[in-house]
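Structure data (CSV, C-alpha atoms and all ligand atoms) from coords-v9.csv:
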chain,number,residue,atom,x,y,z
U,1,MET,CA,-17.8,14.2,-18.4
U,2,THR,CA,-17.1,10.6,-17.8
U,3,ALA,CA,-13.9,10.0,-15.9
U,4,ARG,CA,-10.9,8.1,-17.3
U,5,ILE,CA,-10.4,4.9,-15.3
U,6,LEU,CA,-7.1,4.5,-13.5
U,7,ASP,CA,-6.7,0.7,-14.0
U,8,GLY,CA,-4.6,-0.5,-11.1
U,9,LYS,CA,-5.0,-4.1,-12.1
U,10,GLU,CA,-3.5,-3.6,-15.5
U,11,LEU,CA,-0.7,-1.4,-14.2
U,12,ALA,CA,0.1,-3.9,-11.5
U,13,ARG,CA,0.3,-6.6,-14.2
U,14,GLN,CA,2.9,-4.6,-16.1
U,15,ILE,CA,4.9,-4.0,-13.0
U,16,GLU,CA,4.8,-7.7,-12.2
U,17,GLU,CA,6.1,-8.4,-15.7
U,18,ASN,CA,9.1,-6.1,-15.2
U,19,LEU,CA,9.8,-7.6,-11.7
U,20,ARG,CA,9.8,-11.1,-13.1
U,21,ALA,CA,12.8,-10.3,-15.3
U,22,GLU,CA,14.6,-8.4,-12.5
U,23,ILE,CA,14.0,-11.4,-10.1
U,24,ALA,CA,15.3,-13.8,-12.8
U,25,THR,CA,18.5,-11.7,-13.0
U,26,PHE,CA,18.8,-11.8,-9.2
U,27,ILE,CA,18.5,-15.5,-9.1
U,28,GLY,CA,21.1,-15.9,-11.8
U,29,ILE,CA,23.6,-14.0,-9.6
U,30,VAL,CA,22.7,-15.2,-6.1
U,31,LYS,CA,21.4,-18.7,-6.9
U,32,ARG,CA,18.4,-18.2,-4.7
U,33,ARG,CA,15.0,-16.5,-4.9
U,34,PRO,CA,14.4,-13.2,-3.0
U,35,ARG,CA,12.4,-14.3,0.0
U,36,LEU,CA,9.4,-12.6,1.6
U,37,VAL,CA,8.0,-13.7,5.0
U,38,VAL,CA,4.6,-12.5,6.0
U,39,VAL,CA,3.3,-12.8,9.5
U,40,LEU,CA,-0.5,-12.9,10.0
U,41,VAL,CA,-2.0,-12.8,13.6
U,42,GLY,CA,-5.5,-13.9,14.3
U,43,ASP,CA,-8.4,-14.7,11.9
U,44,LEU,CA,-9.6,-11.4,10.5
U,45,ALA,CA,-11.1,-12.5,7.1
U,46,ALA,CA,-10.0,-9.3,5.3
U,47,SER,CA,-6.4,-9.6,6.5
U,48,ALA,CA,-6.3,-13.3,5.5
U,49,SER,CA,-7.6,-12.4,2.1
U,50,TYR,CA,-5.0,-9.6,1.6
U,51,VAL,CA,-2.2,-11.9,2.8
U,52,LYS,CA,-3.3,-14.6,0.3
U,53,SER,CA,-3.2,-12.0,-2.5
U,54,LYS,CA,0.3,-11.0,-1.4
U,55,ARG,CA,1.6,-14.6,-1.3
U,56,ASP,CA,-0.1,-15.5,-4.6
U,57,ALA,CA,1.4,-12.4,-6.4
U,58,ALA,CA,4.9,-13.1,-4.8
U,59,GLN,CA,4.8,-16.6,-6.1
U,60,ARG,CA,3.6,-15.5,-9.6
U,61,VAL,CA,6.7,-13.3,-10.0
U,62,GLY,CA,9.2,-15.9,-8.7
U,63,LEU,CA,9.7,-14.8,-5.1
U,64,ASP,CA,10.0,-17.3,-2.4
U,65,ALA,CA,7.1,-16.4,-0.1
U,66,GLU,CA,6.1,-17.8,3.2
U,67,VAL,CA,3.1,-16.9,5.4
U,68,ILE,CA,3.4,-17.6,9.2
U,69,THR,CA,0.1,-17.6,10.9
U,70,MET,CA,-0.2,-17.0,14.7
U,71,PRO,CA,-3.2,-17.4,16.9
U,72,ILE,CA,-5.1,-14.3,18.1
U,73,THR,CA,-3.9,-15.0,21.7
U,74,THR,CA,-0.2,-14.3,20.7
U,75,ASP,CA,1.2,-11.6,22.9
U,76,THR,CA,3.6,-8.7,22.1
U,77,ALA,CA,6.7,-10.5,23.4
U,78,ALA,CA,6.0,-13.6,21.5
U,79,LEU,CA,5.5,-11.7,18.3
U,80,VAL,CA,8.6,-9.6,18.7
U,81,ALA,CA,10.5,-12.9,19.4
U,82,LEU,CA,9.1,-14.4,16.2
U,83,VAL,CA,10.1,-11.4,14.1
U,84,THR,CA,13.5,-11.4,15.6
U,85,ARG,CA,13.9,-15.2,14.8
U,86,ILE,CA,12.7,-14.7,11.2
U,87,ALA,CA,15.3,-11.9,10.9
U,88,SER,CA,18.2,-14.1,12.2
U,89,GLU,CA,17.3,-17.2,10.2
U,90,GLU,CA,20.4,-18.1,8.3
U,91,HIS,CA,19.2,-21.1,6.2
U,92,ALA,CA,16.5,-19.2,4.4
U,93,PRO,CA,17.3,-15.5,4.9
U,94,ALA,CA,14.3,-13.3,4.6
U,95,ASP,CA,14.9,-10.3,2.4
U,96,GLY,CA,11.6,-8.8,3.3
U,97,ILE,CA,9.5,-9.2,6.5
U,98,LEU,CA,5.9,-7.9,6.8
U,99,VAL,CA,3.5,-8.1,9.7
U,100,GLN,CA,0.0,-7.8,8.5
U,101,LEU,CA,-2.0,-5.0,10.2
U,102,PRO,CA,-4.2,-4.5,12.1
U,103,LEU,CA,-2.8,-6.6,15.0
U,104,PRO,CA,-5.2,-7.6,17.8
U,105,ALA,CA,-5.8,-4.7,20.2
U,106,HIS,CA,-3.8,-6.3,23.1
U,107,ILE,CA,-0.6,-6.2,21.0
U,108,ASP,CA,1.8,-3.2,21.0
U,109,THR,CA,1.9,-2.6,17.2
U,110,LEU,CA,4.7,-0.1,17.3
U,111,ALA,CA,6.9,-2.5,19.3
U,112,VAL,CA,6.4,-5.2,16.7
U,113,LEU,CA,7.0,-2.9,13.7
U,114,GLY,CA,10.1,-1.6,15.5
U,115,ALA,CA,11.4,-5.2,15.7
U,116,VAL,CA,11.6,-5.6,11.9
U,117,PRO,CA,15.1,-4.8,10.8
U,118,PRO,CA,14.9,-1.5,8.8
U,119,ASN,CA,16.7,-3.0,5.8
U,120,ARG,CA,14.1,-5.7,5.5
U,121,ASP,CA,11.1,-3.5,6.3
U,122,VAL,CA,9.3,-3.8,3.0
U,123,ASP,CA,6.2,-2.1,4.4
U,124,GLY,CA,8.2,1.0,5.3
U,125,PHE,CA,6.6,1.2,8.8
U,126,HIS,CA,9.8,1.1,10.9
U,127,PRO,CA,10.6,4.6,12.3
U,128,GLU,CA,13.9,4.7,10.4
U,129,ASN,CA,12.1,4.2,7.1
U,130,ALA,CA,9.3,6.6,8.1
U,131,GLY,CA,12.0,9.1,9.0
U,132,LEU,CA,13.9,8.7,5.7
U,133,LEU,CA,10.6,9.3,3.8
U,134,SER,CA,9.9,12.5,5.9
U,135,GLN,CA,13.5,13.7,5.1
U,136,GLY,CA,12.9,13.3,1.4
U,137,ARG,CA,15.3,10.4,1.0
U,138,PRO,CA,12.9,7.4,0.9
U,139,ARG,CA,14.1,3.8,1.1
U,140,PHE,CA,11.0,1.6,1.5
U,141,VAL,CA,7.9,3.7,0.9
U,142,PRO,CA,4.7,2.2,2.4
U,143,CYS,CA,3.1,0.2,-0.4
U,144,THR,CA,-0.3,1.8,-0.7
U,145,ALA,CA,1.1,5.3,-0.7
U,146,ALA,CA,3.7,4.3,-3.3
U,147,GLY,CA,0.9,2.6,-5.4
U,148,VAL,CA,-1.3,5.7,-5.4
U,149,GLN,CA,1.6,7.9,-6.5
U,150,ARG,CA,2.5,5.5,-9.3
U,151,MET,CA,-1.1,5.4,-10.5
U,152,LEU,CA,-1.1,9.2,-10.7
U,153,ILE,CA,2.1,9.2,-12.6
U,154,ASP,CA,1.1,6.4,-15.0
U,155,GLY,CA,-2.3,8.0,-15.6
U,156,GLY,CA,-0.7,11.3,-16.6
U,157,VAL,CA,-2.2,13.2,-13.7
U,158,GLU,CA,-0.1,16.3,-13.0
U,159,THR,CA,0.7,16.8,-9.3
U,160,ALA,CA,3.2,19.7,-9.4
U,161,GLY,CA,1.5,22.8,-8.1
U,162,ARG,CA,-1.8,21.1,-7.8
U,163,CYS,CA,-4.0,20.9,-4.7
U,164,ALA,CA,-4.1,17.4,-3.3
U,165,VAL,CA,-6.6,16.6,-0.5
U,166,ILE,CA,-6.2,13.3,1.4
U,167,VAL,CA,-9.0,12.2,3.6
U,168,GLY,CA,-7.7,9.9,6.3
U,169,ARG,CA,-4.6,10.3,8.4
U,170,SER,CA,-3.5,6.7,9.0
U,171,ASP,CA,0.2,5.8,9.5
U,172,ILE,CA,-0.3,3.2,6.7
U,173,VAL,CA,-1.7,5.5,4.0
U,174,GLY,CA,-2.7,9.1,4.7
U,175,LYS,CA,0.5,10.3,6.5
U,176,PRO,CA,3.1,8.7,4.1
U,177,LEU,CA,1.0,9.7,1.1
U,178,ALA,CA,0.9,13.4,2.3
U,179,LEU,CA,4.7,13.3,2.5
U,180,LEU,CA,5.1,11.7,-0.9
U,181,LEU,CA,2.8,14.1,-2.8
U,182,ALA,CA,4.5,17.1,-1.1
U,183,SER,CA,8.0,15.8,-1.8
U,184,ARG,CA,10.1,17.2,-4.6
U,185,GLY,CA,10.1,15.7,-8.0
U,186,ARG,CA,8.0,13.5,-10.2
U,187,GLY,CA,4.6,12.6,-8.7
U,188,GLY,CA,5.2,15.3,-6.0
U,189,ASP,CA,5.4,19.0,-5.6
U,190,ALA,CA,1.7,19.2,-4.7
U,191,THR,CA,0.1,21.4,-2.1
U,192,VAL,CA,-1.2,18.8,0.3
U,193,THR,CA,-4.1,19.0,2.8
U,194,LEU,CA,-4.6,16.1,5.2
U,195,CYS,CA,-8.2,15.8,6.4
U,196,HIS,CA,-9.5,13.5,9.1
U,197,SER,CA,-12.4,12.7,11.3
U,198,ARG,CA,-12.1,16.0,13.2
U,199,SER,CA,-11.9,18.2,10.1
U,200,THR,CA,-14.8,20.6,10.0
U,201,ASP,CA,-16.7,21.1,6.7
U,202,LEU,CA,-14.9,18.3,4.8
U,203,PRO,CA,-16.7,19.1,1.5
U,204,ALA,CA,-15.2,22.6,1.6
U,205,TYR,CA,-11.7,21.0,1.4
U,206,THR,CA,-12.5,18.2,-1.0
U,207,ARG,CA,-14.1,20.6,-3.5
U,208,GLN,CA,-10.8,22.4,-3.8
U,209,ALA,CA,-8.9,19.2,-4.7
U,210,ASP,CA,-7.4,18.7,-8.1
U,211,ILE,CA,-6.4,15.3,-6.7
U,212,LEU,CA,-8.7,13.8,-4.1
U,213,ILE,CA,-7.6,10.7,-2.2
U,214,ALA,CA,-10.1,8.8,0.0
U,215,ALA,CA,-8.6,6.6,2.6
U,216,VAL,CA,-11.2,6.5,5.3
U,217,GLY,CA,-12.5,2.9,5.3
U,218,ARG,CA,-16.2,3.8,5.1
U,219,PRO,CA,-18.4,3.2,2.1
U,220,HIS,CA,-19.4,6.1,-0.1
U,221,VAL,CA,-18.2,8.9,2.1
U,222,ILE,CA,-17.1,10.8,-1.0
U,223,THR,CA,-20.2,11.9,-3.0
U,224,ALA,CA,-20.4,13.7,-6.4
U,225,GLU,CA,-21.1,17.0,-4.7
U,226,MET,CA,-17.8,16.8,-2.9
U,227,VAL,CA,-15.7,16.6,-6.1
U,228,LYS,CA,-14.3,19.4,-8.2
U,229,PRO,CA,-15.2,18.8,-11.9
U,230,GLY,CA,-12.2,17.2,-13.7
U,231,ALA,CA,-10.4,16.1,-10.5
U,232,ALA,CA,-8.5,12.9,-10.2
U,233,VAL,CA,-10.2,10.8,-7.5
U,234,ILE,CA,-8.3,7.9,-6.0
U,235,ASP,CA,-10.2,5.4,-3.8
U,236,VAL,CA,-8.1,3.6,-1.3
U,237,GLY,CA,-11.1,2.2,0.6
U,238,ILE,CA,-12.0,-1.5,0.5
U,239,ASN,CA,-15.3,-2.1,2.3
U,240,ARG,CA,-17.4,-5.2,2.2
U,241,ILE,CA,-21.1,-4.5,2.2
U,242,SER,CA,-24.3,-6.6,1.9
U,243,ALA,CA,-25.4,-6.8,-1.7
U,244,LEU,CA,-29.1,-6.3,-2.7
U,245,GLU,CA,-29.1,-9.6,-4.5
U,246,GLY,CA,-27.8,-11.3,-1.4
U,247,GLY,CA,-24.2,-12.1,-0.3
U,248,SER,CA,-21.7,-9.3,-0.2
U,249,ARG,CA,-19.6,-7.1,-2.5
U,250,LEU,CA,-16.6,-4.8,-2.2
U,251,VAL,CA,-17.1,-1.0,-2.5
U,252,GLY,CA,-14.7,1.8,-2.0
U,253,ASP,CA,-15.0,5.1,0.0
U,254,VAL,CA,-16.2,6.9,-3.1
U,255,ASP,CA,-19.6,6.7,-4.7
U,256,PHE,CA,-18.1,5.5,-7.9
U,257,ASN,CA,-21.2,5.7,-10.3
U,258,ALA,CA,-22.0,9.3,-9.4
U,259,VAL,CA,-18.4,10.6,-9.0
U,260,ARG,CA,-17.3,9.2,-12.4
U,261,GLU,CA,-19.7,11.6,-14.0
U,262,VAL,CA,-17.9,14.6,-12.4
U,263,ALA,CA,-14.2,13.5,-12.1
U,264,GLY,CA,-11.5,13.6,-14.8
U,265,TRP,CA,-9.9,10.4,-13.5
U,266,ILE,CA,-11.2,7.8,-11.1
U,267,SER,CA,-9.8,4.5,-9.6
U,268,PRO,CA,-12.3,1.6,-9.3
U,269,VAL,CA,-12.8,-0.7,-6.4
U,270,PRO,CA,-11.9,-3.5,-6.8
U,271,GLY,CA,-9.2,-3.3,-9.5
U,272,GLY,CA,-7.7,0.1,-8.5
U,273,VAL,CA,-5.4,0.7,-5.6
U,274,GLY,CA,-5.6,-2.8,-4.2
U,275,PRO,CA,-3.5,-4.5,-6.9
U,276,MET,CA,-1.0,-1.6,-6.8
U,277,THR,CA,-0.4,-2.1,-3.1
U,278,VAL,CA,0.5,-5.7,-3.8
U,279,ALA,CA,2.7,-4.7,-6.8
U,280,MET,CA,4.6,-2.2,-4.6
U,281,LEU,CA,5.2,-4.8,-2.0
U,282,LEU,CA,6.8,-7.1,-4.6
U,283,SER,CA,8.9,-4.2,-5.8
U,284,ASN,CA,10.0,-3.3,-2.2
U,285,THR,CA,11.0,-7.0,-1.7
U,286,VAL,CA,13.2,-7.0,-4.8
U,287,LEU,CA,14.7,-3.7,-3.7
U,288,ALA,CA,15.4,-5.2,-0.2
U,289,ALA,CA,17.0,-8.3,-1.7
U,290,GLU,CA,19.2,-6.1,-4.0
U,291,LEU,CA,20.2,-3.7,-1.2
U,292,ARG,CA,21.2,-6.6,0.9
U,293,LEU,CA,23.3,-7.9,-2.0
U,294,GLY,CA,24.9,-4.5,-2.4
U,295,LYS,CA,23.5,-4.3,-6.0
U,296,ARG,CA,21.6,-1.1,-5.4
U,301,LIG,N1,-3.1,-3.6,6.4
U,301,LIG,C1,-3.7,-2.8,5.5
U,301,LIG,N2,-2.8,-2.3,4.6
U,301,LIG,C2,-1.6,-2.9,5.0
U,301,LIG,C3,-0.3,-2.8,4.5
U,301,LIG,O1,0.0,-2.1,3.5
U,301,LIG,N3,0.7,-3.5,5.2
U,301,LIG,C4,0.4,-4.2,6.3
U,301,LIG,N4,1.4,-4.9,6.9
U,301,LIG,N5,-0.8,-4.3,6.8
U,301,LIG,C5,-1.8,-3.6,6.1
Now, as a test, write the supplied structure out as C-alpha cells.
Amino acid sequence: MTARILDGKELARQIEENLRAEIATFIGIVKRRPRLVVVLVGDLAASASYVKSKRDAAQRVGLDAEVITMPITTDTAALVALVTRIASEEHAPADGILVQLPLPAHIDTLAVLGAVPPNRDVDGFHPENAGLLSQGRPRFVPCTAAGVQRMLIDGGVETAGRCAVIVGRSDIVGKPLALLLASRGRGGDATVTLCHSRSTDLPAYTRQADILIAAVGRPHVITAEMVKPGAAVIDVGINRISALEGGSRLVGDVDFNAVREVAGWISPVPGGVGPMTVAMLLSNTVLAAELRLGKR
C-alpha cells in the first residue's frame, strides 16, 4: 500500500483563499485591516524563519502584520511590559498578539503568555483559553493542534471511535491535540493515548494507533515497524539535518519513505502540518478581530 498524501500546503492555500474574502468583508465594515503583532525574542534561526512565514502569510491574505524583534538579553519584566503596551495601543489596536516560542531560558514563559489578553491570544496559550479547550468550549485553539485536526477532517480520516496515539506531550501541540481529538463532535470522539519520553515500549502503543501523530522534534523516531497498516500518520516534526549532498534539509519525526509504504495516509515534511499551523493562526486572528467587533 502507498499512503495517500495529506497535502497541508494545498489545504492551507484553500483556507487562505476563504480568509481573504472574510477579511475583505471585515475591512468593508470596520475600515481597517485586522492586525496581528508577533513578538520574536533572540536570534534562533528556526524561530525567525517561522515568524517570517507567519508575517508573509498574514500579508498575503490582507492582514496588517507587524513583527517586533527583541534582543536575547530581554528579561521577563521587559517582555511582559512590551506585551502589555502592545495590548493597550489605541492607534493601531492589535486583534491578535503572539509571542514566538521557545523564549530564552532565563525568561518566565508562563508569565509572558499570561500577559497576553485572552481575547487576543491567537496562539491559545493563555490559561483561560487552555481551560476553555479542556472544558469542551474552545475559543482560540492552539494553531498546530487545530491544523492537525483540520487535516484529518479534510483528508476523510475518521476519528470517532478510533485509537489516536500522540507522541509528545508539549503544551504547544501534544496536550491540546489530545483534548481536541478526545472532544465531542467532528474530528473528535477518538480514544486518545498521549505518549512521551518516559513511556515504556513506545512501539507497543504506536502499533495500536489508527491515527498516529508524531510531535517529538527528533528525526525519524517513527519507523515503519511502529505503524499499523492503513493508519493515518501525521508528522508534526520539523528537523533540520545535514544533507548527504552538502548543506541541510528539513525532515520530520517520521521515516517518510518507509512509513508511506505501510500507512493509509501520511503528511509530508515540508508541506504538511507546517503550512496548516500558519493557516490556523490567520484564522484565529480573523476570529479575534470579529470577536472584538462583536460580529461572532
Ligand atoms: N513555536 C513552535 N510552534 C509555535 C506556535 O504555534 N506558536 C508560538 N508562539 N511559538 C511556537
Next on the checklist: From the options U:Thr74, U:Asn119, U:Ser88, U:Asn239, which residue's atoms come nearest to Phe140 in chain U, counting only C-alpha atoms?
Outcome noted: U:Asn119
Checklist entry - Using all atoms listed in the file, which residues sit within 7 Å of Ala115 in chain U once same-chain residues fewer than 4 positions away are excluded, as a PyMOL selection string? => result chain U and resi 80+83-84+111
Give me a file of those residues, with C-alpha atoms, as a CSV table (one decimal), in the coordinates of the input.
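Final output, again-v8.csv:
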chain,number,residue,atom,x,y,z
U,80,VAL,CA,8.6,-9.6,18.7
U,83,VAL,CA,10.1,-11.4,14.1
U,84,THR,CA,13.5,-11.4,15.6
U,111,ALA,CA,6.9,-2.5,19.3
Item to check | Exercise: Met151 in chain U partners within 12 Å, all atoms listed in the file, chain neighbours under 6 positions left out, as a PyMOL selection string | outcome: chain U and resi 5-12+15+144-145+157-159+187+211+213+232-236+265-268+271-277+279-280
Could you tell me, as an mmCIF file with C-alpha atoms, in the coordinates of the input, which residues have any atom at most 7 Å from (-2.1, -10.0, 13.8), counting all atoms listed in the file?
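And here is the file that came out, result.cif:
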data_model
loop_
_atom_site.group_PDB
_atom_site.id
_atom_site.type_symbol
_atom_site.label_atom_id
_atom_site.label_comp_id
_atom_site.auth_asym_id
_atom_site.auth_seq_id
_atom_site.Cartn_x
_atom_site.Cartn_y
_atom_site.Cartn_z
ATOM 1 C CA LEU U 40 -0.500 -12.900 10.000
ATOM 2 C CA VAL U 41 -2.000 -12.800 13.600
ATOM 3 C CA GLY U 42 -5.500 -13.900 14.300
ATOM 4 C CA ILE U 72 -5.100 -14.300 18.100
ATOM 5 C CA GLN U 100 0.000 -7.800 8.500
ATOM 6 C CA LEU U 101 -2.000 -5.000 10.200
ATOM 7 C CA PRO U 102 -4.200 -4.500 12.100
ATOM 8 C CA LEU U 103 -2.800 -6.600 15.000
ATOM 9 C CA PRO U 104 -5.200 -7.600 17.800
#
Checklist entry - By how many Å are CA of Pro117 in chain U and CA of Ala178 in chain U apart? => result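 Here the two named atoms are 24.6 Å from each other.
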Next on the checklist: Could you check the closest approach to ligand LIG 301 (chain U) for each of U:Pro176, U:Gly237, U:Pro142, U:Gly252 and tell me which residue wins, using only C-alpha atoms and all ligand atoms?
Outcome noted: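 Counting only C-alpha atoms and all ligand atoms, the residue closest to ligand LIG 301 (chain U) is U:Pro142.
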Checklist entry - Between CA of Ser199 in chain U and CA of Arg240 in chain U, what is the spacing in Å? => result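 These two atoms are separated by 25.3 Å.
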Checklist entry - Got a sec: who's within 9 Å of His106 in chain U, counting all atoms listed in the file, leaving out chain neighbours fewer than 4 positions off, as a PyMOL selection string? => result chain U and resi 73+75-76
Convert the current residue selection to file output with C-alpha atoms, as a PDB file, in the coordinates of the input.
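Final file, part-v3.pdb:
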ATOM      1  CA  THR U  73      -3.900 -15.000  21.700  1.00  0.00           C
ATOM      2  CA  ASP U  75       1.200 -11.600  22.900  1.00  0.00           C
ATOM      3  CA  THR U  76       3.600  -8.700  22.100  1.00  0.00           C
TER       4      THR U  76
END
Checklist entry - When distances are computed from all atoms listed in the file, which of U:Ala3, U:Val99, U:Val192, U:Ala182 shows the smallest separation from ligand LIG 301 (chain U)? => result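 Once distances to ligand LIG 301 (chain U) are computed over all atoms listed in the file, the minimum belongs to U:Val99.
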Checklist entry - By how many Å are CA of Ile222 in chain U and CA of Phe256 in chain U apart? => result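 Atom-to-atom, CA of Ile222 in chain U and CA of Phe256 in chain U are spaced 8.8 Å apart.
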Checklist entry - Can you list, as a PyMOL selection string, every protein, DNA or RNA residue that comes within 12 Å of Leu133 in chain U when you count only C-alpha atoms, leaving out same-chain residues fewer than 4 positions away? => result chain U and resi 124-129+137-142+145-146+175-184
Checklist entry - So which one's closest to ligand LIG 301 (chain U), U:Ala204, U:Leu63, U:Ala48, U:Val262? Using all atoms listed in the file, please. => result U:Ala48
Next on the checklist: From the options U:Ser242, U:Gln208, U:Gln14, U:Thr25, which residue's atoms come nearest to Val286 in chain U, counting all atoms listed in the file?
Outcome noted: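 Residue with the minimum atom-to-atom distance to Val286 in chain U: U:Thr25.
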